[in-house]
file model-v6.tsv (TSV, C-alpha atoms)
chain	number	residue	atom	x	y	z
M	1	MET	CA	52.70	53.92	47.39
M	2	LYS	CA	55.19	51.41	46.02
M	3	LYS	CA	53.43	48.62	47.91
M	4	LYS	CA	50.11	49.51	46.25
M	5	VAL	CA	51.70	49.40	42.79
M	6	VAL	CA	53.25	46.01	43.49
M	7	LEU	CA	49.91	44.60	44.72
M	8	LEU	CA	48.13	45.89	41.62
M	9	LEU	CA	50.74	44.23	39.35
M	10	ILE	CA	50.39	40.94	41.20
M	11	LEU	CA	46.61	41.11	40.87
M	12	PHE	CA	46.88	41.90	37.14
M	13	PHE	CA	49.15	38.94	36.39
M	14	THR	CA	46.98	36.65	38.53
M	15	ILE	CA	43.86	37.49	36.56
M	16	PHE	CA	45.25	37.50	33.03
M	17	PHE	CA	48.17	35.08	32.99
M	18	ILE	CA	47.59	32.40	35.63
M	19	PRO	CA	45.14	29.67	34.48
M	20	SER	CA	41.90	29.57	36.45
M	21	PRO	CA	39.58	26.61	36.91
M	22	MET	CA	36.71	28.98	36.00
M	23	VAL	CA	38.15	29.59	32.51
M	24	LYS	CA	37.60	26.94	29.77
M	25	ALA	CA	40.89	25.92	28.16
M	26	ASP	CA	41.36	25.14	24.48
M	27	GLY	CA	39.86	21.75	23.46
M	28	GLU	CA	37.28	21.75	26.26
M	29	ILE	CA	33.59	21.58	25.29
M	30	GLY	CA	32.02	22.42	28.61
M	31	LYS	CA	31.24	21.25	32.11
M	32	VAL	CA	29.26	18.06	32.64
M	33	LYS	CA	26.61	19.88	34.65
M	34	ASP	CA	26.05	22.41	31.84
M	35	LEU	CA	26.06	20.03	28.88
M	36	PHE	CA	23.39	17.59	30.10
M	37	PRO	CA	20.22	19.10	31.62
M	38	ASP	CA	18.72	15.65	32.27
M	39	ASN	CA	19.95	14.36	35.62
M	40	SER	CA	19.71	10.70	34.67
M	41	LEU	CA	21.70	11.20	31.48
M	42	LYS	CA	24.19	13.35	33.36
M	43	SER	CA	24.75	10.61	35.94
M	44	GLU	CA	25.41	8.01	33.23
M	45	ILE	CA	27.89	10.25	31.40
M	46	LYS	CA	29.73	10.94	34.67
M	47	LEU	CA	30.14	7.21	35.20
M	48	ILE	CA	31.23	6.55	31.62
M	49	LEU	CA	33.82	9.35	31.57
M	50	ASN	CA	34.70	9.19	35.29
M	51	LYS	CA	33.89	12.87	35.71
M	52	GLY	CA	32.38	15.12	38.31
M	53	GLU	CA	29.72	17.73	37.62
M	54	GLU	CA	32.24	20.58	37.67
M	55	ASP	CA	34.67	18.76	35.37
M	56	TYR	CA	35.09	19.69	31.73
M	57	ILE	CA	34.70	17.27	28.84
M	58	THR	CA	37.34	17.71	26.16
M	59	ARG	CA	36.80	17.28	22.45
M	60	ASP	CA	39.18	14.34	22.41
M	61	GLU	CA	37.23	12.61	25.18
M	62	ALA	CA	33.93	13.14	23.38
M	63	ALA	CA	35.37	11.98	20.07
M	64	GLY	CA	36.60	8.77	21.70
M	65	ILE	CA	33.05	7.61	22.54
M	66	THR	CA	31.67	5.50	19.68
M	67	SER	CA	29.04	3.46	21.56
M	68	LEU	CA	26.52	4.34	24.28
M	69	LEU	CA	24.25	1.76	25.92
M	70	LEU	CA	21.71	3.82	27.88
M	71	LYS	CA	18.78	1.43	27.97
M	72	ASP	CA	16.28	1.73	30.83
M	73	LYS	CA	17.96	4.63	32.65
M	74	SER	CA	14.88	6.84	33.24
M	75	ILE	CA	16.19	9.42	30.76
M	76	GLU	CA	13.69	12.06	29.63
M	77	ASN	CA	15.87	14.51	27.71
M	78	VAL	CA	18.80	13.56	25.47
M	79	LYS	CA	20.06	17.07	24.82
M	80	GLY	CA	23.86	17.09	24.93
M	81	ILE	CA	24.24	13.66	23.37
M	82	GLU	CA	25.30	15.40	20.14
M	83	ILE	CA	28.76	16.21	21.59
M	84	PHE	CA	29.71	12.57	20.92
M	85	SER	CA	30.17	13.23	17.23
M	86	ASN	CA	31.76	9.84	16.50
M	87	LEU	CA	28.90	7.76	17.87
M	88	LYS	CA	28.14	4.67	15.80
M	89	TYR	CA	25.85	2.83	18.23
M	90	LEU	CA	23.26	4.53	20.45
M	91	ASN	CA	20.71	2.58	22.51
M	92	LEU	CA	18.13	4.70	24.37
M	93	GLU	CA	15.38	2.09	24.64
M	94	GLU	CA	12.95	1.81	27.56
M	95	ASN	CA	13.36	5.39	28.80
M	96	ARG	CA	10.94	8.32	29.11
M	97	ILE	CA	11.97	10.35	26.09
M	98	THR	CA	9.20	12.49	24.58
M	99	THR	CA	11.11	14.37	21.88
M	100	LEU	CA	14.39	14.20	20.03
M	101	PRO	CA	16.41	17.40	19.68
M	102	ALA	CA	17.17	18.65	16.19
M	103	GLU	CA	20.85	18.19	17.03
M	104	ILE	CA	20.37	14.42	16.68
M	105	GLY	CA	20.91	14.97	12.96
M	106	THR	CA	24.53	16.03	13.57
M	107	LEU	CA	25.57	12.49	14.53
M	108	LYS	CA	26.81	11.79	11.03
M	109	GLN	CA	28.67	8.59	11.97
M	110	LEU	CA	25.67	6.91	13.61
M	111	GLN	CA	24.84	3.46	12.21
M	112	PHE	CA	22.54	1.95	14.86
M	113	LEU	CA	19.87	3.95	16.71
M	114	TYR	CA	17.45	2.24	19.11
M	115	LEU	CA	14.63	4.34	20.57
M	116	GLY	CA	12.00	1.68	21.31
M	117	GLY	CA	9.89	1.80	24.44
M	118	ASN	CA	9.74	5.57	24.85
M	119	ILE	CA	6.91	8.10	24.41
M	120	ILE	CA	8.09	9.88	21.27
M	121	SER	CA	5.19	11.31	19.25
M	122	GLU	CA	7.09	12.88	16.35
M	123	LEU	CA	10.51	12.74	14.72
M	124	PRO	CA	12.43	15.90	13.85
M	125	LYS	CA	13.07	16.39	10.14
M	126	GLU	CA	16.77	16.44	10.98
M	127	ILE	CA	16.57	12.66	11.37
M	128	GLY	CA	17.25	12.58	7.64
M	129	GLY	CA	20.79	13.74	8.34
M	130	LEU	CA	21.80	10.32	9.67
M	131	ILE	CA	22.93	9.18	6.25
M	132	LEU	CA	25.02	6.24	7.51
M	133	LEU	CA	22.21	4.78	9.64
M	134	GLU	CA	21.63	1.07	9.01
M	135	GLU	CA	19.15	0.15	11.76
M	136	LEU	CA	16.44	2.30	13.36
M	137	SER	CA	14.07	1.08	16.06
M	138	LEU	CA	11.07	3.22	17.02
M	139	ARG	CA	8.85	0.42	18.30
M	140	ALA	CA	6.38	1.01	21.12
M	141	ASN	CA	6.27	4.79	21.04
M	142	LYS	CA	3.42	7.26	20.43
M	143	LEU	CA	4.12	8.01	16.78
M	144	THR	CA	1.14	9.02	14.64
M	145	ILE	CA	3.12	10.18	11.62
M	146	LEU	CA	6.57	9.57	10.18
M	147	SER	CA	8.71	12.23	8.59
M	148	GLU	CA	9.21	12.02	4.83
M	149	GLU	CA	12.86	12.78	5.64
M	150	LEU	CA	13.28	9.10	6.50
M	151	GLY	CA	13.67	8.61	2.75
M	152	LYS	CA	17.09	10.24	3.00
M	153	LEU	CA	18.41	7.30	5.01
M	154	VAL	CA	19.87	5.67	1.92
M	155	ASN	CA	21.85	3.08	3.91
M	156	LEU	CA	18.96	1.95	6.10
M	157	ARG	CA	18.56	-1.86	6.12
M	158	LYS	CA	16.07	-2.32	8.97
M	159	ILE	CA	13.37	-0.16	10.49
M	160	ASP	CA	11.06	-1.17	13.34
M	161	ILE	CA	8.02	1.08	13.73
M	162	SER	CA	5.74	-1.54	15.31
M	163	SER	CA	3.31	-0.82	18.15
M	164	ASN	CA	2.67	2.84	17.42
M	165	SER	CA	-0.42	4.69	16.16
M	166	LEU	CA	0.64	5.21	12.57
M	167	GLU	CA	-2.15	5.77	10.05
M	168	ARG	CA	0.09	5.71	6.99
M	169	LEU	CA	3.62	5.04	5.84
M	170	PRO	CA	5.53	7.89	4.24
M	171	ALA	CA	5.93	7.69	0.48
M	172	GLY	CA	9.47	8.90	1.08
M	173	LEU	CA	10.41	5.40	2.23
M	174	LYS	CA	11.05	4.62	-1.43
M	175	GLY	CA	14.37	6.43	-0.98
M	176	CYS	CA	15.52	3.68	1.39
M	177	ASN	CA	16.49	1.46	-1.51
M	178	LYS	CA	18.65	-0.81	0.66
M	179	LEU	CA	15.82	-1.59	3.08
M	180	GLU	CA	15.54	-5.32	3.85
M	181	VAL	CA	13.33	-5.43	6.96
M	182	LEU	CA	10.20	-3.34	7.60
M	183	LEU	CA	8.32	-4.09	10.82
M	184	ALA	CA	5.09	-2.10	11.03
M	185	ASP	CA	2.78	-4.45	12.93
M	186	ASN	CA	0.29	-3.22	15.54
M	187	ASN	CA	-0.50	0.16	14.04
M	188	ILE	CA	-3.67	1.51	12.39
M	189	LEU	CA	-2.52	1.53	8.77
M	190	ALA	CA	-5.48	1.53	6.40
M	191	ASP	CA	-3.57	1.42	3.13
M	192	LEU	CA	-0.07	1.17	1.75
M	193	PRO	CA	1.67	3.71	-0.46
M	194	GLU	CA	2.31	2.54	-4.00
M	195	GLU	CA	5.94	3.58	-3.52
M	196	LEU	CA	6.33	0.63	-1.17
M	197	GLY	CA	6.44	-1.56	-4.25
M	198	GLY	CA	9.76	0.02	-5.19
M	199	LEU	CA	11.64	-1.52	-2.25
M	200	LYS	CA	13.20	-4.19	-4.39
M	201	LYS	CA	15.52	-5.52	-1.68
M	202	LEU	CA	12.81	-5.93	0.94
M	203	LEU	CA	12.98	-9.42	2.50
M	204	ILE	CA	10.72	-9.16	5.56
M	205	LEU	CA	7.47	-7.20	5.75
M	206	ASP	CA	5.38	-7.43	8.92
M	207	LEU	CA	2.00	-5.68	8.76
M	208	ARG	CA	0.10	-7.80	11.27
M	209	SER	CA	-2.68	-6.17	13.29
M	210	ASN	CA	-3.45	-3.10	11.23
M	211	LYS	CA	-6.57	-1.98	9.33
M	212	LEU	CA	-5.43	-2.81	5.80
M	213	ILE	CA	-8.13	-3.52	3.25
M	214	SER	CA	-6.04	-3.86	0.09
M	215	LEU	CA	-2.74	-5.34	-1.04
M	216	ALA	CA	-2.15	-3.27	-4.18
M	217	PRO	CA	1.59	-2.54	-3.73
M	218	LEU	CA	2.52	-6.11	-2.91
M	219	TYR	CA	2.74	-7.35	-6.45
M	220	LYS	CA	4.66	-4.45	-7.94
M	221	ASP	CA	8.38	-4.96	-7.58
M	222	LEU	CA	8.76	-6.74	-4.23
M	223	ASP	CA	10.61	-9.55	-5.93
M	224	SER	CA	12.91	-10.31	-2.97
M	225	LEU	CA	10.11	-10.73	-0.43
M	226	PHE	CA	10.61	-13.84	1.73
M	227	TYR	CA	8.46	-13.24	4.83
M	228	LEU	CA	5.05	-11.55	4.82
M	229	ASP	CA	2.65	-11.28	7.76
M	230	LEU	CA	-0.76	-9.74	7.03
M	231	ALA	CA	-2.79	-11.45	9.75
M	232	GLU	CA	-5.44	-9.58	11.73
M	233	ASN	CA	-6.32	-6.90	9.20
M	234	ASN	CA	-9.51	-5.94	7.31
M	235	ILE	CA	-8.46	-7.41	3.98
M	236	TYR	CA	-11.57	-8.26	1.98
M	237	ASN	CA	-10.23	-8.34	-1.55
M	238	ILE	CA	-7.12	-9.93	-3.00
M	239	ASP	CA	-6.97	-9.70	-6.75
M	240	GLU	CA	-5.37	-12.42	-8.80
M	241	GLY	CA	-2.03	-10.60	-9.20
M	242	ALA	CA	-1.54	-10.06	-5.48
M	243	TYR	CA	-2.65	-13.61	-4.69
M	244	LYS	CA	-0.15	-15.15	-7.09
M	245	LYS	CA	2.54	-12.91	-5.64
M	246	ILE	CA	1.77	-14.11	-2.12
M	247	LEU	CA	1.70	-17.77	-3.14
M	248	GLY	CA	5.11	-17.28	-4.75
M	249	ILE	CA	6.78	-16.13	-1.54
M	250	PRO	CA	9.32	-18.85	-0.71
M	251	GLY	CA	9.24	-18.34	3.05
M	252	HIS	CA	6.45	-17.62	5.53
M	253	TYR	CA	3.26	-15.74	4.82
M	254	ASP	CA	0.15	-15.37	6.94
M	255	LEU	CA	-3.28	-14.02	5.97
M	256	THR	CA	-5.25	-15.43	8.89
M	257	GLU	CA	-7.86	-13.79	11.07
M	258	GLN	CA	-9.08	-11.16	8.67
M	259	LYS	CA	-11.99	-9.11	9.93
M	260	ALA	CA	-13.70	-9.35	6.53
M	261	ILE	CA	-14.01	-11.71	3.59
M	262	ILE	CA	-11.02	-12.57	1.44
M	263	LYS	CA	-12.01	-12.90	-2.21
M	264	ILE	CA	-9.66	-14.39	-4.75
M	265	ALA	CA	-10.68	-13.72	-8.34
M	266	ASN	CA	-10.04	-16.64	-10.68
M	267	LYS	CA	-12.51	-16.32	-13.53
M	268	GLY	CA	-12.80	-18.19	-16.79
M	269	LEU	CA	-12.52	-21.76	-15.51
M	270	VAL	CA	-14.69	-24.42	-17.16
M	271	GLY	CA	-15.71	-27.91	-16.16
M	272	GLU	CA	-18.40	-30.23	-14.92
M	273	ASP	CA	-16.61	-30.92	-11.65
M	274	PHE	CA	-14.59	-27.97	-10.41
M	275	GLY	CA	-11.34	-28.68	-8.57
M	276	ILE	CA	-9.64	-26.12	-6.31
M	277	LYS	CA	-6.08	-26.76	-5.20
M	278	ALA	CA	-6.29	-27.57	-1.51
M	279	LEU	CA	-2.64	-26.62	-1.04
M	280	ASP	CA	-3.39	-23.04	-2.06
M	281	ILE	CA	-6.09	-22.85	0.58
M	282	TYR	CA	-4.24	-24.49	3.44
M	283	ARG	CA	-1.07	-22.52	2.81
M	284	LEU	CA	-3.13	-19.56	3.90
M	285	ASN	CA	-3.10	-21.15	7.36
M	286	LEU	CA	-6.81	-20.70	7.98
M	287	GLY	CA	-6.82	-23.02	10.97
M	288	SER	CA	-9.12	-25.92	11.81
M	289	GLY	CA	-12.87	-26.39	11.87
M	290	LEU	CA	-13.43	-25.41	8.25
M	291	GLU	CA	-16.92	-25.31	6.76
M	292	TYR	CA	-17.62	-25.00	3.04
M	293	TYR	CA	-20.50	-23.16	1.40
M	294	LEU	CA	-21.38	-22.73	-2.26
M	295	ILE	CA	-23.11	-19.55	-3.39
M	296	SER	CA	-24.63	-19.84	-6.86
M	297	PRO	CA	-24.99	-16.93	-9.32
M	298	ASP	CA	-28.63	-16.51	-8.30
M	299	GLY	CA	-27.65	-16.09	-4.65
M	300	GLN	CA	-28.59	-19.56	-3.42
M	301	ARG	CA	-26.33	-20.70	-0.57
M	302	GLU	CA	-25.72	-24.36	0.21
M	303	ARG	CA	-23.36	-26.08	2.61
M	304	LEU	CA	-21.11	-28.68	1.02
M	305	GLU	CA	-19.29	-31.73	2.31
M	306	LEU	CA	-15.98	-31.65	0.47
M	307	GLU	CA	-13.14	-34.13	0.49
M	308	ILE	CA	-9.54	-33.63	-0.48
M	309	LYS	CA	-8.46	-35.94	-3.28
M	310	ASP	CA	-5.17	-35.64	-5.12
M	311	ASN	CA	-4.63	-32.27	-3.40
M	312	TYR	CA	-7.89	-30.88	-4.78
M	313	LEU	CA	-11.14	-29.82	-3.19
M	314	THR	CA	-13.80	-30.81	-5.72
M	315	VAL	CA	-17.18	-29.19	-6.18
M	316	ALA	CA	-19.45	-31.77	-7.80
M	317	GLY	CA	-20.92	-30.85	-11.16
M	318	GLU	CA	-24.45	-31.48	-9.90
M	319	TYR	CA	-24.22	-28.21	-7.93
M	320	LEU	CA	-23.07	-26.22	-10.97
M	321	THR	CA	-26.23	-26.01	-13.06
M	322	THR	CA	-26.27	-22.30	-13.93
M	323	GLU	CA	-23.84	-20.21	-15.89
M	324	GLY	CA	-22.06	-17.37	-14.09
M	325	ASN	CA	-19.89	-16.68	-11.07
M	326	TYR	CA	-19.97	-19.19	-8.22
M	327	VAL	CA	-18.43	-18.58	-4.82
M	328	LEU	CA	-16.88	-21.25	-2.66
M	329	GLU	CA	-16.83	-19.79	0.82
M	330	ILE	CA	-14.71	-21.25	3.59
M	331	GLN	CA	-15.44	-20.45	7.22
M	332	ILE	CA	-13.59	-21.12	10.45
M	333	SER	CA	-15.69	-22.35	13.34
M	334	ASP	CA	-13.14	-22.98	16.08
M	335	ASN	CA	-14.54	-23.42	19.56
M	336	GLN	CA	-11.77	-21.39	21.15
M	337	PRO	CA	-13.26	-18.25	22.72
M	338	ASP	CA	-10.54	-15.96	21.36
M	339	ALA	CA	-10.55	-17.43	17.83
M	340	PHE	CA	-12.01	-15.54	14.91
M	341	SER	CA	-15.15	-17.13	13.58
M	342	GLY	CA	-16.63	-16.13	10.28
M	343	SER	CA	-16.14	-16.05	6.56
M	344	VAL	CA	-12.44	-15.58	5.91
M	345	TYR	CA	-11.90	-16.93	2.41
M	346	GLN	CA	-13.83	-16.95	-0.82
M	347	GLN	CA	-12.83	-18.62	-4.08
M	348	ILE	CA	-14.67	-17.17	-7.05
M	349	PHE	CA	-14.91	-19.12	-10.28
M	350	MET	CA	-16.94	-18.89	-13.45
M	351	ILE	CA	-18.89	-21.64	-15.15
M	352	ASP	CA	-19.66	-20.73	-18.76
M	353	LYS	CA	-20.56	-24.16	-20.19
M	354	VAL	CA	-23.40	-25.87	-18.39
M	355	THR	CA	-25.65	-28.63	-19.81
M	356	ILE	CA	-29.17	-27.64	-18.86
M	357	LEU	CA	-31.19	-30.70	-17.88
M	358	PRO	CA	-34.99	-30.96	-18.09
M	359	ALA	CA	-37.02	-29.62	-15.21
M	360	TYR	CA	-37.49	-33.06	-13.64
M	361	ASN	CA	-34.73	-34.52	-11.60
M	362	THR	CA	-31.94	-36.84	-12.75
M	363	ASN	CA	-33.75	-40.05	-11.70
M	364	GLN	CA	-36.84	-39.09	-13.68
M	365	TYR	CA	-34.63	-38.31	-16.66
M	366	LEU	CA	-32.99	-41.76	-16.44
M	367	MET	CA	-36.34	-43.53	-16.06
M	368	ALA	CA	-37.73	-41.69	-19.07
M	369	SER	CA	-34.69	-42.68	-21.11
M	370	LEU	CA	-35.07	-46.32	-20.01
M	371	GLY	CA	-38.79	-46.26	-20.91
M	372	ILE	CA	-38.03	-45.00	-24.39
M	373	PHE	CA	-35.37	-47.70	-24.78
M	374	VAL	CA	-37.80	-50.50	-23.69
M	375	ALA	CA	-40.53	-49.15	-25.92
M	376	GLY	CA	-38.11	-49.25	-28.83
M	377	LEU	CA	-37.25	-52.88	-28.13
M	378	LEU	CA	-40.94	-53.83	-27.92
M	379	LEU	CA	-41.57	-52.09	-31.21
M	380	ILE	CA	-38.76	-54.06	-32.88
M	381	VAL	CA	-40.17	-57.38	-31.49
M	382	VAL	CA	-43.68	-56.56	-32.72
M	383	ILE	CA	-42.41	-55.72	-36.21
M	384	ARG	CA	-40.49	-59.04	-36.40
M	385	LEU	CA	-43.53	-61.04	-35.27
M	386	VAL	CA	-45.70	-59.38	-37.87
M	387	ARG	CA	-43.22	-60.22	-40.59
M	388	LYS	CA	-43.04	-63.87	-39.41
M	389	GLY	CA	-46.84	-64.25	-39.57
M	390	LYS	CA	-46.77	-63.20	-43.18
call {"tool": "encode", "arguments": {"input": "model-v6.tsv", "output": "structure tokens"}}
result
Amino acid sequence: MKKKVVLLLILFFTIFFIPSPMVKADGEIGKVKDLFPDNSLKSEIKLILNKGEEDYITRDEAAGITSLLLKDKSIENVKGIEIFSNLKYLNLEENRITTLPAEIGTLKQLQFLYLGGNIISELPKEIGGLILLEELSLRANKLTILSEELGKLVNLRKIDISSNSLERLPAGLKGCNKLEVLLADNNILADLPEELGGLKKLLILDLRSNKLISLAPLYKDLDSLFYLDLAENNIYNIDEGAYKKILGIPGHYDLTEQKAIIKIANKGLVGEDFGIKALDIYRLNLGSGLEYYLISPDGQRERLELEIKDNYLTVAGEYLTTEGNYVLEIQISDNQPDAFSGSVYQQIFMIDKVTILPAYNTNQYLMASLGIFVAGLLLIVVIRLVRKGK
């Protein structure tokens, strides 16, 4: 009987007072195998922390990780990454990630997040919790829409959303008032939100290869803009305000290869010969093989041979014989098979003072004037001879 009592006491103390590897001690978050369901991510964390699958990760160990470079590791699920609460740099590019867990928003110290080259189709609204984030790369994913919560990233300086399937930019971006670089090329953007004009610190704006037809926000408050790429869009109308804004950009800008006509309104100009600044045209980088056509107010179209003189393309006054809006159209006719060919630039100008000549041509007009002059001389001679005879 005494032996049984002693055995029961030993068993009791063993269970309740002797530490067991099956019981999680204070400061331990959990086992590696339980924290990371994705095998590829689990393998990388084991290497980084020098742990086995049955080992526990402590809070101190997790807090000591401030940077994770997990590029091209075949990761599909990033659940568990949130235990590294002091992360400042996280690179998950070129993986197979389809979604981000809501817990991503708990990484309050994160400053650099790179998610390019995955298959993410939507961002969780919790992304707005990354209030210290300075750089965000989402390039080459499957995004069709961006969360308005991005506007809460008040410290964001650079965002790369290129090579997705975005149809619009969120108006909430106006909240990113420190944004300097916005890369949104190779999407299907058809217009730009007016709020974009409020990004007063924006330096670089890349909108190449979209479906833009208008530039309305570009001449609002984008006073810091240095680099602008609008090539390969559907821009067919640039009003005078936007055009002047673009010409005033001190660095690079590109409006080439539009899929429609560019019209630049510049009405109210007067003159017999009309000069257009060649620099303004060639700064648009239209390429080589330019052909010039003049379209008169009555719809007549005529090809012109123009020369550059003193940095001006001059339309001779003889072509400007009717009052109204003329169009100087410039086309590219490169022989390269992949080059855009078509009308890519139009300069509109108004002629409101035109001397209307008689119906006959200029030579007939000059001959008639000469005939009248000769007849006048003959009349004077005849009068003098008559007076002499008297």
call {"tool": "residues_near_point", "arguments": {"input": "model-v6.tsv", "point": "(10.9, -2.7, -7.2)", "cutoff": "7 Å", "atoms": "all atoms listed in the file", "output": "VMD selection string"}}
result
chain M and resid 197 to 200 220 to 223
call {"tool": "atom_distance", "arguments": {"input": "model-v6.tsv", "atom1": "atom CA of Leu294 of chain M", "atom2": "atom CA of Leu328 of chain M"}}
result
4.8 Å
call {"tool": "atom_distance", "arguments": {"input": "model-v6.tsv", "atom1": "atom CA of Lys178 of chain M", "atom2": "atom CA of Ala140 of chain M"}}
result
23.9 Å
call {"tool": "closest_residue", "arguments": {"input": "model-v6.tsv", "among": "M:Ile249, M:Leu35, M:Leu107, M:Leu153", "to": "Glu135 of chain M", "atoms": "all atoms listed in the file"}}
result
M:Leu153
call {"tool": "closest_residue", "arguments": {"input": "model-v6.tsv", "among": "M:Asn233, M:Ser162, M:Ser224, M:Gln331", "to": "Asp206 of chain M", "atoms": "all atoms listed in the file"}}
result
M:Ser162
call {"tool": "atom_distance", "arguments": {"input": "model-v6.tsv", "atom1": "atom CA of Lys152 of chain M", "atom2": "atom CA of Leu179 of chain M"}}
result
11.9 Å
call {"tool": "residues_around", "arguments": {"input": "model-v6.tsv", "residues": "Glu76 of chain M", "least_positions_apart": "5", "cutoff": "12 Å", "atoms": "only C-alpha atoms", "output": "ChimeraX atom specification"}}
result
/M:36-42,70-71,92-101,115,118-120
call {"tool": "closest_residue", "arguments": {"input": "model-v6.tsv", "among": "M:Gly317, M:Gly128, M:Pro217, M:Gly30", "to": "Ala242 of chain M", "atoms": "all atoms listed in the file"}}
result
M:Pro217
call {"tool": "residues_near_point", "arguments": {"input": "model-v6.tsv", "point": "(20.4, 2.9, 21.6)", "cutoff": "6 Å", "atoms": "all atoms listed in the file", "output": "list of chain:residue names"}}
result
M:Leu69, M:Leu90, M:Asn91, M:Leu92, M:Glu93, M:Leu113, M:Tyr114
call {"tool": "closest_residue", "arguments": {"input": "model-v6.tsv", "among": "M:Asp254, M:Glu180, M:Glu194, M:Glu61", "to": "Glu134 of chain M", "atoms": "all atoms listed in the file"}}
result
M:Glu180
call {"tool": "axis_aligned_box", "arguments": {"input": "model-v6.tsv", "around": "segment 84-87 of chain M", "padding_each_side": "5 Å", "output": "lines of an AutoDock Vina configuration file"}}
result
center_x = 30.3
center_y = 10.5
center_z = 18.7
size_x = 12.9
size_y = 15.5
size_z = 14.4
call {"tool": "residues_around", "arguments": {"input": "model-v6.tsv", "residues": "segment 84-88 of chain M", "least_positions_apart": "6", "cutoff": "6 Å", "atoms": "all atoms listed in the file", "output": "ChimeraX atom specification"}}
result
/M:62-63,66-67,107,109-111
call {"tool": "write_last_selection", "arguments": {"input": "model-v6.tsv", "atoms": "C-alpha atoms", "output": "PDB file, keeping the file's coordinate frame"}}
result
ATOM      1  CA  ALA M  62      33.930  13.140  23.380  1.00  0.00           C
ATOM      2  CA  ALA M  63      35.370  11.980  20.070  1.00  0.00           C
ATOM      3  CA  THR M  66      31.670   5.500  19.680  1.00  0.00           C
ATOM      4  CA  SER M  67      29.040   3.460  21.560  1.00  0.00           C
ATOM      5  CA  LEU M 107      25.570  12.490  14.530  1.00  0.00           C
ATOM      6  CA  GLN M 109      28.670   8.590  11.970  1.00  0.00           C
ATOM      7  CA  LEU M 110      25.670   6.910  13.610  1.00  0.00           C
ATOM      8  CA  GLN M 111      24.840   3.460  12.210  1.00  0.00           C
TER       9      GLN M 111
END
